[in-house]
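Engineer: Input target-v7.csv, format and content: CSV, C-alpha atoms.
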```csv
chain,number,residue,atom,x,y,z
A,1,MET,CA,-10.5,-3.5,-27.4
A,2,LYS,CA,-9.2,-3.8,-30.9
A,3,LYS,CA,-7.3,-0.5,-31.3
A,4,THR,CA,-3.6,-0.7,-31.0
A,5,LYS,CA,-2.6,2.9,-31.6
A,6,PRO,CA,-1.3,4.5,-28.4
A,7,LEU,CA,-3.9,6.5,-26.6
A,8,LYS,CA,-3.5,10.1,-25.5
A,9,ASN,CA,-2.5,9.9,-21.9
A,10,TRP,CA,-4.1,13.2,-20.6
A,11,VAL,CA,-1.4,13.8,-18.1
A,12,LYS,CA,-0.7,17.3,-19.4
A,13,GLN,CA,-4.3,18.3,-19.2
A,14,LEU,CA,-4.7,17.0,-15.6
A,15,GLN,CA,-1.5,18.8,-14.6
A,16,GLN,CA,-2.9,22.0,-16.0
A,17,VAL,CA,-5.9,21.6,-13.9
A,18,GLN,CA,-3.7,20.7,-10.9
A,19,LYS,CA,-1.3,23.6,-11.3
A,20,SER,CA,-3.4,26.5,-12.7
A,21,GLN,CA,-7.1,25.5,-12.5
A,22,ASP,CA,-7.2,25.5,-16.3
A,23,SER,CA,-10.8,25.2,-17.3
A,24,LYS,CA,-10.0,24.6,-21.0
A,25,ALA,CA,-7.9,21.6,-20.1
A,26,PHE,CA,-10.7,20.5,-17.8
A,27,ALA,CA,-13.2,20.7,-20.6
A,28,GLU,CA,-11.0,18.4,-22.8
A,29,LEU,CA,-10.8,15.9,-19.9
A,30,PHE,CA,-14.5,16.2,-19.5
A,31,ASP,CA,-15.3,15.5,-23.1
A,32,TYR,CA,-13.2,12.4,-23.1
A,33,PHE,CA,-13.9,10.9,-19.6
A,34,ALA,CA,-17.5,12.0,-18.6
A,35,PRO,CA,-19.2,9.9,-21.3
A,36,ARG,CA,-17.0,6.9,-20.4
A,37,VAL,CA,-17.7,7.3,-16.7
A,38,LYS,CA,-21.4,7.5,-17.4
A,39,SER,CA,-21.1,4.4,-19.5
A,40,PHE,CA,-19.3,2.6,-16.7
A,41,LEU,CA,-22.0,3.6,-14.2
A,42,ILE,CA,-24.8,2.5,-16.4
A,43,ARG,CA,-23.2,-0.9,-16.9
A,44,SER,CA,-22.8,-1.2,-13.2
A,45,GLY,CA,-26.6,-0.8,-12.8
A,46,ALA,CA,-27.3,3.0,-12.6
A,47,SER,CA,-30.3,4.5,-14.4
A,48,ASN,CA,-29.5,7.0,-17.1
A,49,SER,CA,-30.3,10.1,-15.0
A,50,MET,CA,-28.4,8.7,-11.9
A,51,ALA,CA,-25.4,7.9,-14.1
A,52,GLU,CA,-25.5,11.5,-15.5
A,53,ASP,CA,-25.6,13.0,-12.1
A,54,CYS,CA,-22.9,10.7,-10.7
A,55,ALA,CA,-20.7,11.3,-13.8
A,56,GLN,CA,-20.9,15.0,-13.1
A,57,GLU,CA,-19.9,14.5,-9.5
A,58,VAL,CA,-17.0,12.2,-10.5
A,59,MET,CA,-15.7,14.9,-12.9
A,60,ALA,CA,-16.1,17.6,-10.2
A,61,THR,CA,-14.1,15.3,-7.9
A,62,VAL,CA,-11.4,15.1,-10.6
A,63,TRP,CA,-11.1,18.9,-10.4
A,64,LEU,CA,-11.2,19.1,-6.7
A,65,LYS,CA,-8.7,16.3,-6.0
A,66,ALA,CA,-6.4,17.1,-8.9
A,67,HIS,CA,-3.7,17.9,-6.5
A,68,LEU,CA,-3.7,14.3,-5.3
A,69,PHE,CA,-3.0,12.8,-8.8
A,70,ASP,CA,0.5,11.3,-9.1
A,71,PRO,CA,1.4,10.5,-12.7
A,72,SER,CA,4.3,8.3,-11.5
A,73,ARG,CA,1.9,6.0,-9.8
A,74,ALA,CA,-1.2,6.0,-12.0
A,75,SER,CA,-2.4,6.9,-15.5
A,76,VAL,CA,-5.2,9.5,-15.7
A,77,SER,CA,-7.6,6.8,-16.8
A,78,THR,CA,-6.7,4.6,-13.8
A,79,TRP,CA,-7.0,7.5,-11.4
A,80,ILE,CA,-10.4,8.5,-12.8
A,81,PHE,CA,-11.5,4.9,-12.8
A,82,THR,CA,-10.9,4.7,-9.0
A,83,ILE,CA,-12.9,7.8,-8.4
A,84,ALA,CA,-15.8,6.4,-10.6
A,85,ARG,CA,-15.6,3.1,-8.8
A,86,ASN,CA,-15.8,4.7,-5.4
A,87,LYS,CA,-18.7,6.8,-6.5
A,88,ASN,CA,-20.4,3.7,-7.7
A,89,ILE,CA,-20.0,1.9,-4.4
A,90,ASP,CA,-21.1,5.0,-2.5
A,91,ALA,CA,-24.1,6.1,-4.5
A,92,LEU,CA,-25.4,2.9,-6.0
A,93,ARG,CA,-24.5,0.3,-3.4
A,94,LYS,CA,-24.9,2.7,-0.5
A,95,GLN,CA,-21.7,1.5,1.1
A,96,ARG,CA,-18.8,3.3,2.5
A,97,ARG,CA,-15.6,2.7,0.6
A,98,PRO,CA,-12.6,2.4,2.9
A,99,GLU,CA,-9.3,3.5,1.2
A,100,PRO,CA,-5.8,3.8,2.5
A,101,GLU,CA,-4.6,7.4,3.1
A,102,ASP,CA,-3.6,9.3,0.0
A,103,LEU,CA,0.2,9.8,-0.3
A,104,THR,CA,1.3,13.0,-2.0
A,105,TRP,CA,4.6,14.6,-2.9
A,106,GLY,CA,3.8,17.7,-0.9
A,107,PRO,CA,4.6,21.3,-2.0
A,108,GLU,CA,8.4,20.9,-2.3
A,109,SER,CA,8.9,17.9,-4.5
A,110,GLU,CA,7.3,16.2,-7.5
A,111,PRO,CA,7.8,13.0,-9.4
A,112,GLU,CA,10.6,12.8,-11.9
A,113,ALA,CA,9.7,13.1,-15.6
A,114,ALA,CA,11.4,9.8,-16.4
A,115,ASP,CA,9.2,8.0,-13.8
A,116,ILE,CA,6.1,9.5,-15.2
A,117,LEU,CA,7.0,8.4,-18.7
A,118,THR,CA,7.8,4.9,-17.6
A,119,LEU,CA,4.6,4.4,-15.8
A,120,GLN,CA,2.5,5.7,-18.7
A,121,GLN,CA,4.4,3.4,-21.0
A,122,GLU,CA,3.8,0.4,-18.8
A,123,THR,CA,0.1,1.2,-18.6
A,124,GLU,CA,0.2,1.3,-22.4
A,125,GLN,CA,1.9,-2.1,-22.4
A,126,LEU,CA,-0.8,-3.5,-20.2
A,127,ARG,CA,-3.4,-2.1,-22.5
A,128,LEU,CA,-1.8,-3.9,-25.5
A,129,ALA,CA,-1.6,-7.1,-23.5
A,130,MET,CA,-5.3,-6.8,-22.6
A,131,SER,CA,-6.3,-6.1,-26.2
A,132,ALA,CA,-4.4,-9.2,-27.2
A,133,LEU,CA,-6.5,-11.4,-24.9
A,134,PRO,CA,-9.2,-13.5,-26.6
A,135,ASP,CA,-12.7,-11.8,-26.6
A,136,ALA,CA,-14.1,-14.2,-24.0
A,137,GLN,CA,-11.4,-13.2,-21.5
A,138,GLN,CA,-11.8,-9.5,-22.2
A,139,ALA,CA,-15.5,-9.9,-21.5
A,140,LEU,CA,-14.6,-11.7,-18.3
A,141,LEU,CA,-12.5,-8.8,-17.1
A,142,GLN,CA,-15.2,-6.3,-18.0
A,143,LYS,CA,-17.7,-8.3,-16.0
A,144,ALA,CA,-15.4,-8.3,-13.0
A,145,TYR,CA,-14.7,-4.6,-13.1
A,146,PHE,CA,-18.0,-3.3,-14.3
A,147,GLY,CA,-19.9,-5.2,-11.7
A,148,ASP,CA,-22.2,-7.4,-13.8
A,149,LEU,CA,-20.6,-10.7,-13.0
A,150,SER,CA,-22.8,-13.7,-13.0
A,151,HIS,CA,-21.4,-16.7,-11.1
A,152,ARG,CA,-20.8,-19.3,-13.7
A,153,GLU,CA,-19.5,-17.3,-16.6
A,154,ILE,CA,-16.2,-16.7,-14.8
A,155,ALA,CA,-14.3,-19.9,-15.0
A,156,ILE,CA,-12.6,-19.0,-18.3
A,157,GLU,CA,-8.9,-19.0,-19.0
A,158,THR,CA,-7.3,-15.6,-18.8
A,159,GLY,CA,-3.9,-14.3,-17.9
A,160,LEU,CA,-2.8,-10.8,-17.2
A,161,PRO,CA,0.9,-9.7,-17.3
A,162,LEU,CA,0.8,-7.5,-14.1
A,163,GLY,CA,4.3,-8.4,-12.8
A,164,THR,CA,6.1,-5.5,-14.4
A,165,ILE,CA,3.7,-2.8,-13.5
A,166,LYS,CA,3.5,-4.1,-9.9
A,167,SER,CA,7.3,-3.7,-9.6
A,168,ARG,CA,7.2,-0.3,-11.2
A,169,LEU,CA,4.5,0.9,-8.8
A,170,ARG,CA,6.4,-0.5,-5.9
A,171,LEU,CA,9.6,1.5,-6.9
A,172,ALA,CA,7.5,4.6,-7.4
A,173,LEU,CA,6.0,4.2,-3.9
A,174,ASP,CA,9.5,3.7,-2.4
A,175,LYS,CA,10.7,6.9,-4.0
A,176,LEU,CA,7.7,8.8,-2.7
A,177,ARG,CA,8.2,7.3,0.8
A,178,GLN,CA,11.8,8.6,0.8
A,179,THR,CA,10.7,12.1,0.0
A,180,MET,CA,8.0,12.0,2.7
A,181,ARG,CA,10.6,11.1,5.4
B,1,MET,CA,5.8,-2.2,9.5
B,2,ASN,CA,8.7,-3.6,7.6
B,3,ASP,CA,8.3,-7.2,8.7
B,4,ILE,CA,5.0,-8.1,7.1
B,5,LYS,CA,5.2,-11.7,6.1
B,6,HIS,CA,1.6,-12.6,5.4
B,7,HIS,CA,0.1,-10.6,2.5
B,8,LEU,CA,-3.2,-10.2,0.6
B,9,ASN,CA,-3.7,-12.6,-2.3
B,10,ASP,CA,-4.5,-11.5,-5.8
B,11,GLU,CA,-8.1,-12.7,-5.5
B,12,LEU,CA,-8.7,-10.1,-2.7
B,13,LEU,CA,-6.6,-7.4,-4.4
B,14,LEU,CA,-8.6,-7.8,-7.6
B,15,GLY,CA,-11.9,-7.8,-5.7
B,16,TYR,CA,-10.9,-4.7,-3.9
B,17,SER,CA,-9.9,-2.9,-7.1
B,18,ALA,CA,-12.9,-4.0,-9.0
B,19,GLY,CA,-15.1,-2.9,-6.1
B,20,ALA,CA,-16.7,-6.3,-5.9
B,21,LEU,CA,-16.0,-7.1,-2.2
B,22,PRO,CA,-18.4,-6.5,0.7
B,23,GLU,CA,-17.7,-3.4,2.8
B,24,ALA,CA,-16.2,-5.4,5.7
B,25,PHE,CA,-13.6,-6.9,3.3
B,26,ASN,CA,-12.9,-3.6,1.7
B,27,LEU,CA,-12.2,-2.3,5.2
B,28,ILE,CA,-9.7,-4.9,6.2
B,29,VAL,CA,-8.0,-4.8,2.7
B,30,ALA,CA,-7.7,-0.9,2.9
B,31,THR,CA,-6.3,-1.2,6.5
B,32,HIS,CA,-3.7,-3.7,5.4
B,33,LEU,CA,-2.8,-1.6,2.3
B,34,GLU,CA,-2.1,1.4,4.6
B,35,MET,CA,0.4,-0.8,6.5
B,36,CYS,CA,1.9,-2.6,3.5
B,37,ASP,CA,3.5,-1.0,0.5
B,38,LYS,CA,3.9,-4.3,-1.4
B,39,CYS,CA,0.2,-4.9,-1.4
B,40,ARG,CA,-0.5,-1.3,-2.0
B,41,ALA,CA,1.5,-1.4,-5.2
B,42,ALA,CA,-0.2,-4.6,-6.3
B,43,ALA,CA,-3.6,-3.1,-5.7
B,44,GLN,CA,-2.7,-0.1,-7.9
B,45,ALA,CA,-1.6,-2.6,-10.6
B,46,PHE,CA,-5.1,-4.0,-10.5
B,47,ASP,CA,-6.5,-0.5,-10.6
B,48,SER,CA,-4.6,0.0,-13.9
B,49,VAL,CA,-6.7,-2.8,-15.4
B,50,GLY,CA,-9.8,-0.8,-14.5
B,51,GLY,CA,-8.2,2.3,-16.1
B,52,VAL,CA,-7.6,0.5,-19.3
B,53,LEU,CA,-11.2,-0.8,-19.3
B,54,LEU,CA,-12.5,2.7,-18.8
B,55,ASP,CA,-10.5,3.8,-21.8
B,56,GLU,CA,-12.0,1.1,-23.9
B,57,THR,CA,-15.6,1.4,-22.8
B,58,ALA,CA,-18.2,2.7,-25.2
B,59,LYS,CA,-19.2,6.3,-24.6
B,60,VAL,CA,-22.7,7.3,-23.4
B,61,SER,CA,-23.5,11.0,-24.3
B,62,MET,CA,-23.7,13.4,-21.4
B,63,SER,CA,-26.6,16.0,-21.4
B,64,LYS,CA,-25.9,19.2,-23.2
B,65,ASP,CA,-25.5,21.3,-20.1
B,66,ALA,CA,-23.3,18.7,-18.2
B,67,LEU,CA,-20.1,20.7,-18.3
B,68,PRO,CA,-21.5,24.0,-16.9
B,69,LYS,CA,-23.4,22.0,-14.3
B,70,THR,CA,-20.2,20.2,-13.3
B,71,LEU,CA,-18.4,23.5,-13.0
B,72,ALA,CA,-21.2,24.8,-10.8
B,73,LEU,CA,-20.8,21.8,-8.6
B,74,ILE,CA,-17.1,22.5,-8.3
B,75,SER,CA,-17.7,26.1,-7.3
B,76,LYS,CA,-20.2,25.1,-4.6
B,77,VAL,CA,-17.7,23.0,-2.7
B,78,PRO,CA,-15.9,25.0,-0.1
B,79,LYS,CA,-12.1,24.9,-0.2
B,80,ARG,CA,-11.1,22.6,2.5
B,81,LYS,CA,-7.7,21.8,3.9
B,82,ASP,CA,-6.8,18.2,4.0
B,83,SER,CA,-6.8,17.4,7.7
B,84,GLU,CA,-3.6,16.1,8.9
B,85,GLN,CA,-4.8,14.2,11.9
B,86,LYS,CA,-2.3,11.6,13.0
B,87,THR,CA,-4.0,8.7,14.5
B,88,GLU,CA,-2.6,5.7,16.3
B,89,ILE,CA,-4.5,3.4,14.1
B,90,PRO,CA,-4.6,3.1,10.3
B,91,ASN,CA,-6.9,5.7,8.6
B,92,PRO,CA,-9.4,3.4,7.0
B,93,LEU,CA,-10.2,1.8,10.3
B,94,ALA,CA,-10.1,5.1,12.2
B,95,ALA,CA,-13.1,6.2,10.1
B,96,TYR,CA,-15.1,3.4,11.7
B,97,VAL,CA,-13.8,3.4,15.3
B,98,GLY,CA,-12.3,6.8,15.9
B,99,SER,CA,-8.7,7.7,16.4
B,100,SER,CA,-7.8,5.4,19.3
B,101,LEU,CA,-8.3,1.8,20.3
B,102,ASP,CA,-8.9,3.0,23.9
B,103,ASN,CA,-12.5,3.9,23.5
B,104,ILE,CA,-13.8,0.7,21.9
B,105,LYS,CA,-16.9,-0.8,23.6
B,106,TRP,CA,-15.7,-4.4,24.0
B,107,ARG,CA,-18.1,-7.3,24.7
B,108,PRO,CA,-16.9,-10.5,26.2
B,109,ILE,CA,-17.2,-13.7,24.0
B,110,GLY,CA,-15.6,-16.1,26.4
B,111,MET,CA,-12.2,-17.2,27.7
B,112,GLY,CA,-11.2,-13.6,28.3
B,113,VAL,CA,-11.6,-12.7,24.6
B,114,ARG,CA,-13.6,-9.6,23.7
B,115,GLN,CA,-15.0,-8.3,20.5
B,116,ALA,CA,-16.6,-5.2,19.0
B,117,VAL,CA,-18.6,-5.5,15.8
B,118,LEU,CA,-18.2,-2.6,13.4
B,119,LYS,CA,-21.0,-1.1,11.4
B,120,THR,CA,-20.8,-2.1,7.8
B,121,SER,CA,-23.1,-3.4,5.1
B,122,LYS,CA,-24.7,-6.7,6.0
B,123,SER,CA,-23.2,-9.0,3.4
B,124,ALA,CA,-20.1,-9.5,5.6
B,125,THR,CA,-19.1,-8.7,9.2
B,126,ALA,CA,-16.2,-6.7,10.5
B,127,ARG,CA,-15.1,-7.0,14.1
B,128,LEU,CA,-12.3,-6.1,16.4
B,129,LEU,CA,-11.0,-8.9,18.6
B,130,TYR,CA,-9.2,-8.4,21.8
B,131,ILE,CA,-7.2,-11.4,22.9
B,132,PRO,CA,-5.4,-11.1,26.2
B,133,ALA,CA,-1.7,-12.2,26.2
B,134,GLY,CA,-1.5,-15.9,26.2
B,135,SER,CA,-5.2,-16.4,25.7
B,136,VAL,CA,-6.9,-18.6,23.1
B,137,VAL,CA,-9.7,-17.6,20.7
B,138,PRO,CA,-12.4,-20.3,21.1
B,139,ASP,CA,-11.9,-23.0,18.4
B,140,HIS,CA,-13.8,-22.1,15.3
B,141,GLY,CA,-14.2,-23.4,11.8
B,142,HIS,CA,-15.5,-21.1,9.1
B,143,ARG,CA,-18.5,-21.3,6.9
B,144,GLY,CA,-17.1,-18.7,4.5
B,145,THR,CA,-13.9,-16.8,4.4
B,146,GLU,CA,-12.3,-15.2,7.4
B,147,LEU,CA,-9.6,-12.6,7.2
B,148,THR,CA,-7.7,-11.6,10.3
B,149,LEU,CA,-5.3,-8.6,10.4
B,150,VAL,CA,-3.1,-8.0,13.4
B,151,LEU,CA,-3.2,-4.4,14.7
B,152,LYS,CA,-1.3,-4.9,18.0
B,153,GLY,CA,0.7,-7.7,19.5
B,154,ALA,CA,0.8,-11.1,17.8
B,155,PHE,CA,-0.9,-14.5,17.6
B,156,SER,CA,0.0,-18.0,16.4
B,157,ASP,CA,-2.2,-20.8,15.2
B,158,GLU,CA,-1.6,-24.2,13.6
B,159,THR,CA,-0.4,-22.6,10.4
B,160,ALA,CA,2.0,-19.8,11.4
B,161,LYS,CA,2.8,-16.8,13.6
B,162,PHE,CA,1.2,-13.5,12.7
B,163,THR,CA,2.6,-10.1,13.9
B,164,VAL,CA,1.5,-6.5,13.3
B,165,GLY,CA,0.4,-5.9,9.7
B,166,ASP,CA,0.2,-9.6,8.8
B,167,ILE,CA,-3.1,-10.8,7.4
B,168,GLU,CA,-4.4,-14.4,7.7
B,169,MET,CA,-6.8,-15.8,5.2
B,170,ALA,CA,-8.7,-18.8,6.3
B,171,ASP,CA,-11.5,-20.6,4.5
B,172,GLN,CA,-13.8,-23.3,5.6
B,173,SER,CA,-11.2,-26.0,5.3
B,174,ILE,CA,-9.3,-24.5,8.2
B,175,GLU,CA,-10.2,-25.2,11.9
B,176,HIS,CA,-7.8,-23.1,13.9
B,177,THR,CA,-7.2,-21.9,17.5
B,178,PRO,CA,-5.4,-18.6,17.4
B,179,THR,CA,-3.4,-17.9,20.6
B,180,ALA,CA,-2.1,-14.5,21.6
B,181,GLU,CA,1.6,-14.4,22.3
B,182,ILE,CA,2.7,-14.2,25.9
B,183,GLY,CA,3.7,-10.8,26.9
B,184,GLU,CA,1.4,-8.5,25.0
B,185,ASP,CA,-2.3,-8.4,24.5
B,186,CYS,CA,-3.3,-8.9,20.8
B,187,ILE,CA,-5.8,-6.8,18.9
B,188,CYS,CA,-7.0,-7.9,15.5
B,189,LEU,CA,-9.5,-6.7,12.8
B,190,THR,CA,-11.4,-9.6,11.3
B,191,ALA,CA,-13.9,-9.9,8.4
B,192,THR,CA,-16.1,-12.8,7.8
B,193,ASP,CA,-18.7,-13.4,5.0
B,194,ALA,CA,-21.6,-15.6,4.2
B,195,PRO,CA,-20.2,-18.6,2.4
B,196,LEU,CA,-22.1,-18.2,-0.9
B,197,ARG,CA,-20.7,-15.0,-2.3
B,198,PHE,CA,-17.1,-15.7,-1.8
B,199,ASN,CA,-16.6,-19.3,-2.4
B,200,SER,CA,-18.4,-19.6,-5.7
B,201,TRP,CA,-17.1,-17.4,-8.4
B,202,PHE,CA,-14.3,-15.3,-7.0
B,203,PRO,CA,-11.6,-17.9,-6.3
B,204,ARG,CA,-12.1,-19.3,-9.7
B,205,LEU,CA,-11.7,-16.0,-11.3
B,206,ALA,CA,-8.7,-15.2,-9.2
B,207,GLN,CA,-6.9,-18.5,-9.8
B,208,ARG,CA,-6.4,-17.4,-13.3
B,209,PHE,CA,-4.6,-14.3,-12.2
B,210,LEU,CA,-2.3,-16.2,-9.9
B,211,ARG,CA,-0.3,-17.5,-12.8
B,212,ILE,CA,0.8,-14.0,-13.7
```
Go ahead and express the file in the form of structure tokens.
Structural biologist:
Amino acid sequence: MKKTKPLKNWVKQLQQVQKSQDSKAFAELFDYFAPRVKSFLIRSGASNSMAEDCAQEVMATVWLKAHLFDPSRASVSTWIFTIARNKNIDALRKQRRPEPEDLTWGPESEPEAADILTLQQETEQLRLAMSALPDAQQALLQKAYFGDLSHREIAIETGLPLGTIKSRLRLALDKLRQTMR
Amino acid sequence: MNDIKHHLNDELLLGYSAGALPEAFNLIVATHLEMCDKCRAAAQAFDSVGGVLLDETAKVSMSKDALPKTLALISKVPKRKDSEQKTEIPNPLAAYVGSSLDNIKWRPIGMGVRQAVLKTSKSATARLLYIPAGSVVPDHGHRGTELTLVLKGAFSDETAKFTVGDIEMADQSIEHTPTAEIGEDCICLTATDAPLRFNSWFPRLAQRFLRI
């Protein structure tokens, strides 16, 4: 986590898949995300061939559920992470994954560009804050999220600045709820 | 659902987001998230941490024909409409018990209280509790963690009053006797775990996050 240059946020590509089933945009998303999803699944305990198959299924889900992506409430990486995590629980741990109902803007409305920008910026801020954490704490977070926690390695100092992004997400959710009424 | 006073803590939100909780806990967390936007936003903040980690993870090459195979997968899936079934109970729970609480097969556990154990993975247990108005759940301590989410009615115990959408988190230090409010029967979803998994590493990890 040493890079500090802003990452490409992929919102445009996913929206092209969302709005016009653009297979070129999808191929770009695939090139970037499939190898990372595969890596995540291997670190979580999948064999290489299982991770390959599951990563393909995750990317197929990205296409099929693109209409549910809301860039005012998640970055593309966050959204794909949740799909990969759920696939991991489902395929590797053989458990169902209960999730709250997806909330969408529906056909008539969409999130405001300013809200999309703010959320993407705040995710970038979170990334910078995480990259500023000492290595041991970064390793701890990876263990928590990539499912290879061992009991005693966990009690290390860490601190994540999540307050701002929590408030931002709450505001975005309120706006969405207002449109849904 | 505007009056939720008792929320999920960061430990559970992180565990849910990281996919580290047993299924029964995931179920109760997801059910609460559907009722509580405050916690839903917080859970998505923890998801963002996962998103950043995904960006930073080292790549593992896909096979050469991975993209065409994925496109083939996509074309095989029939176009389906999102079903808009309105249920009287939150969606995550409806997936386990059906769309209504009327068809639950309750079994008595004493003093008028009834339960129905839901089918989840074995590492923790999810059950519905039916507490008739004014009745008391038999006194119990906990070996592990017990979460209780109110779906209908309300109950009180030594610590507080819990109404619809509220979640109580009790660990082994708490001995409590939940009592349903007079006037309405109370239905709760609960999740309990084996003590080992939850009490060892998770709280210690989560404590660090509580200082955010």
Engineer: Which one is closest to chain B: A:Gln142, A:Gln16, A:Thr118, A:Gln21? Count only C-alpha atoms.
Structural biologist: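 Ranked by minimum distance to chain B, first place goes to A:Gln142.
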Engineer: Determine, for each residue of chain B having at least one atom at most 8 Å from an atom of chain A, the closest pair of atoms and their separation in Å to one decimal, counting all atoms listed in the file; order by chain and ascending number, as CSV.
Structural biologist:
```
residue,atom,partner,partner_atom,distance
B:Ser17,CA,A:Tyr145,CA,7.9
B:Ala18,CA,A:Tyr145,CA,4.5
B:Gly19,CA,A:Arg85,CA,6.6
B:Ala20,CA,A:Gly147,CA,6.7
B:Glu23,CA,A:Gln95,CA,6.5
B:Asn26,CA,A:Pro98,CA,6.1
B:Leu27,CA,A:Pro98,CA,5.2
B:Ala30,CA,A:Glu99,CA,5.0
B:Thr31,CA,A:Pro100,CA,6.4
B:Leu33,CA,A:Pro100,CA,6.2
B:Glu34,CA,A:Pro100,CA,4.9
B:Asp37,CA,A:Arg170,CA,7.0
B:Lys38,CA,A:Arg170,CA,6.4
B:Arg40,CA,A:Arg170,CA,8.0
B:Ala41,CA,A:Arg170,CA,5.0
B:Ala42,CA,A:Lys166,CA,5.2
B:Gln44,CA,A:Leu169,CA,7.3
B:Ala45,CA,A:Lys166,CA,5.4
B:Phe46,CA,A:Leu162,CA,7.7
B:Asp47,CA,A:Thr78,CA,6.0
B:Ser48,CA,A:Thr78,CA,5.1
B:Val49,CA,A:Thr78,CA,7.6
B:Gly50,CA,A:Phe81,CA,6.2
B:Gly51,CA,A:Thr78,CA,3.6
B:Val52,CA,A:Arg127,CA,5.9
B:Leu53,CA,A:Gln142,CA,6.9
B:Leu54,CA,A:Arg36,CA,6.4
B:Asp55,CA,A:Ser77,CA,6.5
B:Glu56,CA,A:Met1,CA,6.0
B:Thr57,CA,A:Arg36,CA,6.2
B:Ala58,CA,A:Arg36,CA,6.5
B:Lys59,CA,A:Arg36,CA,4.8
B:Val60,CA,A:Pro35,CA,4.8
B:Ser61,CA,A:Pro35,CA,5.4
B:Met62,CA,A:Pro35,CA,5.7
B:Ser63,CA,A:Glu52,CA,7.5
B:Ala66,CA,A:Gln56,CA,6.7
B:Leu67,CA,A:Ala27,CA,7.3
B:Lys69,CA,A:Gln56,CA,7.5
B:Thr70,CA,A:Gln56,CA,5.3
B:Leu71,CA,A:Ala60,CA,6.9
B:Leu73,CA,A:Ala60,CA,6.5
B:Ile74,CA,A:Ala60,CA,5.3
B:Pro90,CA,A:Pro100,CA,7.9
B:Asn91,CA,A:Glu101,CA,6.2
B:Pro92,CA,A:Pro98,CA,5.3
B:Leu93,CA,A:Pro98,CA,7.8
B:Thr120,CA,A:Gln95,CA,7.7
B:Ser121,CA,A:Gln95,CA,6.5
B:Ser200,CA,A:His151,CA,6.8
B:Trp201,CA,A:His151,CA,5.1
B:Arg204,CA,A:Ala155,CA,5.8
B:Leu205,CA,A:Ile154,CA,5.7
B:Arg208,CA,A:Thr158,CA,5.9
B:Phe209,CA,A:Gly159,CA,5.7
B:Arg211,CA,A:Gly159,CA,7.0
B:Ile212,CA,A:Pro161,CA,5.6
```
Engineer: From the options B:Gly165, B:Glu11, B:Ile187, B:Gln115, which residue's atoms come nearest to B:Ala133, counting only C-alpha atoms?
Structural biologist: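 Answer, going by the shortest atom-to-atom distance: B:Ile187.
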Engineer: Which is closer to B:Cys39 than all the others in B:Pro78, B:Ile167, B:Asp102, B:Ile89, using only C-alpha atoms?
Structural biologist: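 Looking only at the distances to B:Cys39, the closest residue turns out to be B:Ile167.
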Engineer: Could you tell me which of A:Ser72, A:Ser44, A:Ala66, A:Gln120 comes closest to A:Lys8 if we count only C-alpha atoms?
Structural biologist: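 Comparing A:Ser72, A:Ser44, A:Ala66, A:Gln120 against A:Lys8, the winner is A:Gln120.
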